[in-house]
Each structure stands twice: as structure tokens, then as C-alpha cells.
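Source file input-v7.cif; content: mmCIF, C-alpha atoms and all ligand atoms.
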data_target
#
loop_
_atom_site.label_atom_id
_atom_site.label_comp_id
_atom_site.auth_asym_id
_atom_site.auth_seq_id
_atom_site.Cartn_x
_atom_site.Cartn_y
_atom_site.Cartn_z
CA MET R 1 -7.24 25.00 0.27
CA ALA R 2 -4.31 26.71 -1.40
CA ALA R 3 -2.22 23.54 -1.14
CA ASP R 4 -4.98 21.49 -2.80
CA GLN R 5 -5.24 24.01 -5.60
CA LYS R 6 -1.51 23.73 -6.15
CA GLN R 7 -1.81 19.99 -6.63
CA ILE R 8 -4.61 20.33 -9.14
CA ASP R 9 -2.43 22.63 -11.19
CA GLN R 10 0.37 20.10 -11.32
CA SER R 11 0.41 16.50 -12.41
CA PHE R 12 1.62 15.55 -8.92
CA SER R 13 3.24 17.27 -6.02
CA GLN R 14 6.58 16.54 -4.48
CA LYS R 15 7.29 17.74 -0.97
CA SER R 16 10.91 16.76 -0.64
CA SER R 17 13.64 14.98 -2.50
CA LEU R 18 13.91 11.23 -2.10
CA GLY R 19 14.69 10.22 1.46
CA ALA R 20 17.79 8.64 2.90
CA SER R 21 18.47 5.23 1.45
CA GLN R 22 18.73 1.98 3.36
CA HIS R 23 20.34 0.39 0.31
CA PRO R 24 23.52 0.83 -1.64
CA THR R 25 22.97 2.83 -4.82
CA SER R 26 23.41 -0.25 -7.04
CA GLU R 27 20.11 -1.74 -5.89
CA PRO R 28 16.92 -0.78 -7.70
CA ILE R 29 14.95 2.10 -6.24
CA ILE R 30 11.82 1.01 -4.40
CA VAL R 31 8.87 3.38 -4.37
CA GLY R 32 6.26 2.76 -1.67
CA LEU R 33 2.69 3.29 -2.90
CA THR R 34 0.08 3.92 -0.25
CA GLY R 35 -3.30 5.48 0.41
CA GLY R 36 -6.40 4.69 2.43
CA ILE R 37 -9.08 2.21 1.36
CA GLY R 38 -10.73 3.34 -1.88
CA SER R 39 -8.14 6.03 -2.58
CA GLY R 40 -7.07 4.35 -5.83
CA LYS R 41 -3.87 2.44 -5.01
CA SER R 42 -4.75 -0.62 -7.11
CA THR R 43 -5.75 1.60 -10.01
CA VAL R 44 -2.47 3.53 -9.80
CA ALA R 45 -0.40 0.32 -9.42
CA ALA R 46 -2.08 -1.05 -12.57
CA ALA R 47 -1.12 2.13 -14.44
CA PHE R 48 2.53 1.65 -13.41
CA ARG R 49 2.35 -2.01 -14.51
CA GLN R 50 1.18 -0.80 -17.92
CA LEU R 51 4.49 1.08 -18.09
CA GLY R 52 6.42 -2.14 -17.38
CA ILE R 53 7.04 -1.45 -13.71
CA VAL R 54 6.75 -4.37 -11.29
CA SER R 55 4.42 -3.79 -8.35
CA VAL R 56 4.73 -5.95 -5.23
CA ASP R 57 1.49 -6.10 -3.24
CA ALA R 58 1.68 -6.20 0.58
CA ASP R 59 -1.91 -7.48 0.79
CA GLN R 60 -0.90 -10.43 -1.38
CA ALA R 61 2.04 -11.02 0.99
CA ALA R 62 -0.35 -11.07 3.96
CA ARG R 63 -2.45 -13.76 2.22
CA ALA R 64 0.50 -15.78 0.93
CA VAL R 65 2.13 -16.34 4.32
CA VAL R 66 -1.02 -17.99 5.74
CA GLU R 67 -1.84 -20.22 2.81
CA PRO R 68 -2.39 -23.92 3.58
CA GLY R 69 0.97 -25.61 4.05
CA MET R 70 2.70 -22.48 5.33
CA PRO R 71 4.20 -22.73 8.84
CA ALA R 72 2.34 -19.60 10.00
CA LEU R 73 -1.01 -21.26 9.38
CA THR R 74 -0.01 -24.24 11.51
CA ALA R 75 1.10 -21.87 14.30
CA ILE R 76 -2.20 -19.97 14.10
CA ALA R 77 -4.25 -23.18 14.17
CA GLU R 78 -2.31 -24.40 17.21
CA HIS R 79 -2.70 -21.09 19.01
CA PHE R 80 -6.36 -20.26 18.28
CA GLY R 81 -7.76 -23.74 17.65
CA GLU R 82 -10.28 -25.08 15.15
CA ALA R 83 -12.47 -21.97 15.44
CA VAL R 84 -10.20 -20.06 13.05
CA MET R 85 -9.98 -22.85 10.46
CA LEU R 86 -12.25 -23.52 7.49
CA PRO R 87 -13.32 -27.08 6.65
CA ASP R 88 -11.03 -27.06 3.58
CA GLY R 89 -7.96 -26.36 5.75
CA GLY R 90 -7.77 -22.67 4.88
CA LEU R 91 -7.80 -19.78 7.35
CA ASN R 92 -11.15 -18.43 8.50
CA ARG R 93 -10.18 -14.78 8.28
CA ALA R 94 -13.51 -13.46 9.52
CA ALA R 95 -13.29 -15.59 12.68
CA LEU R 96 -9.67 -14.55 13.28
CA ARG R 97 -10.51 -10.87 12.72
CA GLU R 98 -13.34 -11.18 15.24
CA ILE R 99 -11.01 -12.60 17.92
CA ILE R 100 -8.23 -10.06 17.52
CA PHE R 101 -10.64 -7.12 17.19
CA SER R 102 -11.60 -7.43 20.85
CA ASN R 103 -8.30 -8.76 22.17
CA PRO R 104 -5.18 -6.57 21.86
CA ALA R 105 -2.87 -9.25 23.31
CA GLU R 106 -3.94 -11.78 20.67
CA LYS R 107 -3.61 -9.11 18.00
CA GLN R 108 -0.07 -8.47 19.20
CA TRP R 109 0.71 -12.20 19.14
CA LEU R 110 -0.57 -12.52 15.58
CA GLU R 111 1.29 -9.44 14.34
CA SER R 112 4.59 -10.54 15.83
CA LEU R 113 4.16 -13.88 14.06
CA LEU R 114 3.11 -12.47 10.69
CA HIS R 115 4.94 -9.16 10.24
CA PRO R 116 8.45 -10.63 9.89
CA LEU R 117 7.13 -13.28 7.46
CA ILE R 118 5.28 -10.70 5.40
CA ARG R 119 8.39 -8.55 5.30
CA GLU R 120 10.52 -11.53 4.17
CA TRP R 121 8.03 -12.35 1.40
CA ILE R 122 8.01 -8.72 0.25
CA VAL R 123 11.80 -8.42 0.29
CA ALA R 124 12.15 -11.63 -1.77
CA GLN R 125 9.68 -10.31 -4.35
CA LEU R 126 11.35 -6.89 -4.47
CA GLN R 127 14.75 -8.51 -5.00
CA ALA R 128 13.41 -10.76 -7.77
CA ALA R 129 11.72 -7.86 -9.59
CA LYS R 130 13.16 -6.97 -12.96
CA SER R 131 12.23 -3.38 -13.73
CA PRO R 132 14.17 -0.11 -13.51
CA TYR R 133 12.46 0.66 -10.22
CA VAL R 134 9.92 -1.30 -8.22
CA ILE R 135 6.64 -0.30 -6.57
CA LEU R 136 5.70 -1.61 -3.12
CA GLU R 137 1.92 -1.24 -2.84
CA SER R 138 0.76 -1.26 0.77
CA PRO R 139 -2.30 0.25 2.46
CA LEU R 140 -0.37 0.24 5.76
CA LEU R 141 3.02 1.32 4.42
CA PHE R 142 3.74 3.77 7.25
CA GLU R 143 1.76 1.96 9.96
CA THR R 144 3.82 -1.24 9.55
CA ASP R 145 7.17 0.50 8.90
CA GLN R 146 7.27 -1.02 5.40
CA HIS R 147 8.28 2.47 4.21
CA LEU R 148 11.72 1.64 5.64
CA LEU R 149 12.14 -0.72 2.68
CA THR R 150 11.65 2.15 0.22
CA GLN R 151 13.61 5.15 -1.05
CA ALA R 152 10.52 7.26 -1.79
CA THR R 153 6.82 7.13 -1.02
CA LEU R 154 3.84 8.02 -3.18
CA LEU R 155 0.52 8.76 -1.50
CA VAL R 156 -2.65 8.34 -3.57
CA ASP R 157 -4.81 10.93 -1.94
CA VAL R 158 -8.52 11.76 -2.04
CA PRO R 159 -10.78 13.52 0.47
CA VAL R 160 -12.40 11.07 2.92
CA PRO R 161 -15.99 11.45 1.60
CA LEU R 162 -14.80 10.48 -1.90
CA GLN R 163 -12.82 7.58 -0.44
CA ILE R 164 -16.02 6.32 1.21
CA THR R 165 -18.14 6.74 -1.95
CA ARG R 166 -15.62 4.90 -4.15
CA ALA R 167 -14.93 2.09 -1.68
CA ALA R 168 -18.68 1.59 -1.11
CA ALA R 169 -19.39 1.48 -4.86
CA ARG R 170 -16.56 -1.04 -5.35
CA ASP R 171 -17.20 -3.39 -2.41
CA GLY R 172 -20.88 -2.93 -1.59
CA GLN R 173 -19.88 -2.35 2.05
CA SER R 174 -21.82 0.08 4.21
CA THR R 175 -20.54 3.58 4.91
CA ALA R 176 -20.18 2.61 8.59
CA GLN R 177 -17.98 -0.40 7.74
CA ILE R 178 -15.73 1.71 5.53
CA GLU R 179 -15.57 4.48 8.13
CA SER R 180 -14.36 1.96 10.73
CA ILE R 181 -11.61 0.76 8.37
CA ILE R 182 -10.58 4.37 7.73
CA ALA R 183 -10.55 5.04 11.49
CA ALA R 184 -8.06 2.17 11.95
CA GLN R 185 -5.71 3.60 9.28
CA MET R 186 -3.30 6.49 9.74
CA PRO R 187 -5.09 9.85 9.36
CA ARG R 188 -4.92 11.37 5.89
CA GLU R 189 -3.08 14.48 7.08
CA GLU R 190 -0.32 12.43 8.70
CA LYS R 191 0.17 10.39 5.54
CA ARG R 192 0.26 13.60 3.51
CA SER R 193 2.96 15.01 5.74
CA ARG R 194 5.08 11.84 5.51
CA ALA R 195 4.82 11.04 1.78
CA THR R 196 7.54 12.13 -0.67
CA TYR R 197 5.02 12.50 -3.52
CA ILE R 198 1.27 13.04 -3.47
CA LEU R 199 -1.00 12.05 -6.36
CA ASP R 200 -4.38 13.80 -6.20
CA ASN R 201 -6.84 11.11 -7.31
CA SER R 202 -9.96 13.21 -6.91
CA LEU R 203 -9.43 14.15 -10.55
CA PRO R 204 -11.14 12.20 -13.37
CA LEU R 205 -9.89 8.71 -14.15
CA ALA R 206 -9.21 9.80 -17.74
CA THR R 207 -6.39 12.05 -16.49
CA LEU R 208 -4.72 9.42 -14.33
CA ASP R 209 -2.51 7.69 -16.91
CA ALA R 210 -0.87 10.98 -17.90
CA ARG R 211 -0.18 11.88 -14.29
CA VAL R 212 1.24 8.42 -13.57
CA LEU R 213 3.44 8.82 -16.65
CA ALA R 214 4.76 12.14 -15.24
CA LEU R 215 5.65 10.35 -12.00
CA HIS R 216 7.21 7.48 -13.94
CA ASN R 217 9.41 9.96 -15.80
CA GLU R 218 10.39 11.51 -12.48
CA PHE R 219 11.32 8.10 -11.02
CA MET R 220 13.25 7.16 -14.18
CA ARG R 221 15.19 10.40 -13.87
CA ARG R 222 16.07 9.41 -10.31
CA VAL R 223 17.07 5.91 -11.44
CA ASN R 224 19.36 7.38 -14.09
CA ARG R 225 20.90 9.88 -11.67
CA PRO R 226 21.14 7.93 -8.41
CA GLN R 227 23.57 10.41 -6.89
CA GLU R 228 20.74 12.95 -6.83
CA SER R 229 18.14 10.59 -5.45
CA ILE R 230 20.13 8.91 -2.72
CA ARG R 231 21.56 11.25 -0.17
P1 LIG R 301 -7.65 1.08 -3.34
O1 LIG R 301 -6.81 0.02 -4.02
O2 LIG R 301 -6.85 2.23 -2.82
O3 LIG R 301 -8.58 0.55 -2.28
P2 LIG R 301 -8.98 1.23 -5.96
O4 LIG R 301 -7.84 1.44 -6.89
O5 LIG R 301 -9.60 -0.13 -5.90
O6 LIG R 301 -8.61 1.72 -4.46
O7 LIG R 301 -10.07 2.33 -6.31
C1 LIG R 301 -11.34 2.36 -5.62
C2 LIG R 301 -12.47 2.50 -6.64
O8 LIG R 301 -12.41 3.81 -7.20
C3 LIG R 301 -12.36 1.52 -7.81
O9 LIG R 301 -13.65 1.10 -8.17
C4 LIG R 301 -11.72 2.36 -8.92
O10 LIG R 301 -12.11 1.92 -10.21
C5 LIG R 301 -12.27 3.76 -8.62
N1 LIG R 301 -11.37 4.86 -9.02
C6 LIG R 301 -10.03 4.92 -8.83
N2 LIG R 301 -9.53 6.09 -9.28
C7 LIG R 301 -10.59 6.80 -9.73
C8 LIG R 301 -10.74 8.11 -10.31
N3 LIG R 301 -9.71 8.94 -10.49
N4 LIG R 301 -12.00 8.50 -10.67
C9 LIG R 301 -13.06 7.69 -10.47
N5 LIG R 301 -12.99 6.46 -9.93
C10 LIG R 301 -11.78 6.01 -9.56
#
Give the structure from the file, written as C-alpha cells.
Amino acid sequence: MAADQKQIDQSFSQKSSLGASQHPTSEPIIVGLTGGIGSGKSTVAAAFRQLGIVSVDADQAARAVVEPGMPALTAIAEHFGEAVMLPDGGLNRAALREIIFSNPAEKQWLESLLHPLIREWIVAQLQAAKSPYVILESPLLFETDQHLLTQATLLVDVPVPLQITRAAARDGQSTAQIESIIAAQMPREEKRSRATYILDNSLPLATLDARVLALHNEFMRRVNRPQESIR
């Protein structure tokens, strides 16, 4: 309770200085942006974009690598057959989800095909980005080890009941459907303990831009003094 109160009193909370870098200091700083479904990641990423910061979206990467014409889609069609294909040649995601949901070996096969391709797509976008630092927005940042691409992580955090209310209002999904998605994601407390920065998004939307600006100023300070940010 006390920790939550502390966050409300501040524009954001920082638990530690930026983590060890995987990159030489001359490369732009990459900030991983994560949070469970409905926590407000897209909203926060949009606020950073308003400030001129490029945001690379891991969900977009996951869609891009299985677009018609991409080698991964051919491999998936060969492996799973026509059942996972739509008449227009696109991927039938619902059918594929159904298969891998009940079959861990197939899930493993699919992930070992897609994860390296998704990572490659993300890295190419991060390298092409032209802003003082770059955001990597990913709902599964820690789960998929994408945090290893970043120098700092920002968790958009809300209590689970609020997450469910907001996601349900946005998507029209049932509470049970959203709860099952949350159950498949890393528990909130674990994400809180791993993130460099935590943005409390239970506060009103009207206060968000100012709190994103405070984080932006913090990241810019790190960009301008890399010797402090990269240890
Ligand atoms: P995510 O990308 O993490 O799934 P979104 O950014 O789409 O989450 O936010 C989920 C829903 O909650 C959206 O409808 C969004 O407009 C709303 N929302 C986000 N932040 C707030 C806030 N601080 N107050 C009220 N509603 C919010």
C-alpha cells in the first residue's frame, strides 16, 4: 500500500538506474514498454510518439512476419495444412491459436519458427528509427526475452480489476476471456519487480501526458549523459 502511495505522489517511479547495456554507447537507447492487456501501453506509446519518439510495436512484428508472401507463412501452411489458411491466402489466426492452445509441442514448433523472425524484424526497425531514443512496445517483453534488446524498461501498471474493466470496454470481450489472457502473461508483481520504471496508469487520462513528459525528460537526460545510463 505504501509503495502504491509513493507512486501516486510522483509522476513515475524508478527502482534502479538503467541496466547493463548490450550495445555500445554510440547506439540509441532503447526503452522497452510493457504492461498487461488493457494496462495502457498503446495509449502511452502514442503519448511518446506525440513527443517525436519512434515506437516499434512487437505485435506489429508478429503480424508482419506471417503476411502473405512471407516465408514463415509458407512454412506454417506446409506444417499445419489448409486448416490454418483463409481463402484469401492469409493466416487463419483463430484456427492456429486453437491448435497450439491444446498442443504444447506445436506451440513450441511455431515459437521457434517465429521468435527469431520477429526479433529480426524488430531489430531492423529499431536500427532504422530516427529519434533520440526508441521505444520497443511489447506485451510480452520479459516473457520473450525482448527486454534483452533494451537498456531500460517501463512498465505501464494498473491493478488487475482495472485492467479487466478497461480491456473489456475496449474490446467487448468477456471478463473470462480477458482473465485467461492475463493468466497467460507474467504476473503483475513479477513485472513490477523487473521493470526499471513504473508508470501508474490507474490515474486519470488527463494526467498521463504530463507524466509521460516527465519520463521523456528523464530518458533525454540519459541520452545526453550516456556514461551515467550505461554501466
Ligand atoms: P494496452 O495497449 O496495454 O492493451 P490501451 O492503451 O489500449 O491498453 O488501453 C486500454 C483502454 O484503456 C483503452 O480504451 C484506453 O483508451 C483506456 N485507457 C488507457 N489509459 C487510461 C487512463 N489513464 N484512464 C482511463 N482510461 C484509460
Contacts of ligand LIG 301 (chain R), 8 Å or closer, all atoms listed in the file, given as a list of chain:residue names: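 If we count all atoms listed in the file, the neighbours of ligand LIG 301 (chain R) turn out to be R:Thr34, R:Gly35, R:Gly36, R:Ile37, R:Gly38, R:Ser39, R:Gly40, R:Lys41, R:Ser42, R:Thr43, R:Val44, R:Ala45, R:Pro139, R:Val156, R:Gln163, R:Arg166, R:Ala167, R:Ala169, R:Arg170, R:Asn201, R:Ser202, R:Leu203, R:Pro204, R:Leu205, R:Ala206, R:Thr207, R:Leu208.
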Distance of CA of Leu126 in chain R from CA of Met220 in chain R, expressed in Å to one decimal place: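 These two atoms are separated by 17.2 Å.
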How close does each residue of range 26-59 of chain R get to range 100-118 of chain R, giving the shortest atom pair and distance in Å to one decimal for every residue with an atom at most 12 Å away, counting only C-alpha atoms, sorted by chain and residue number, as CSV?
residue,atom,partner,partner_atom,distance
R:Val56,CA,R:Ile118,CA,11.7
R:Asp57,CA,R:Ile118,CA,10.5
R:Ala58,CA,R:Ile118,CA,7.5
R:Asp59,CA,R:Ile118,CA,9.1
Counting all atoms listed in the file, the option among R:Leu213, R:Val223, R:Met186, R:Ile53 closest to Ala129 in chain R: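 Of R:Leu213, R:Val223, R:Met186, R:Ile53, the one nearest Ala129 in chain R is R:Ile53, counting all atoms listed in the file.
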Point-to-point distance in Å for CA of Thr175 in chain R and CA of Val212 in chain R: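 Taking CA of Val212 in chain R as the start and CA of Thr175 in chain R as the end point, the length is 29.0 Å.
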Shell around Arg192 in chain R at 9 Å using only C-alpha atoms, local window under 5 positions removed, as a list in words: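 Listing them by chain and then by number gives Leu155, Asp157, Pro187, Tyr197 and Ile198 of chain R.
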CA of Ile30 in chain R to CA of Glu137 in chain R, straight-line distance in Å: 10.3 Å
Residues within 8 Å of Glu143 in chain R, all atoms listed in the file, excluding chain neighbours under 2 positions, as an MDAnalysis selection string: chainID R and resid 140:141 145:146 185:186
Test item: residues at most 9 Å from Pro68 in chain R, all atoms listed in the file, excluding those fewer than 4 positions along its chain, as a ChimeraX atom specification: /R:73-74,89-91
Close residues, Leu149 in chain R itself excluded, 10 Å, all atoms listed in the file, min 2 positions apart in chain, as an MDAnalysis selection string: chainID R and resid 21:23 29:32 119 122:123 126 136 141 145:147 151:152
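Each of R:Gln60, R:Asn92, R:Thr196, R:Ser55 was compared to Tyr133 in chain R using all atoms listed in the file, and R:Ser55 turns out to be the nearest.
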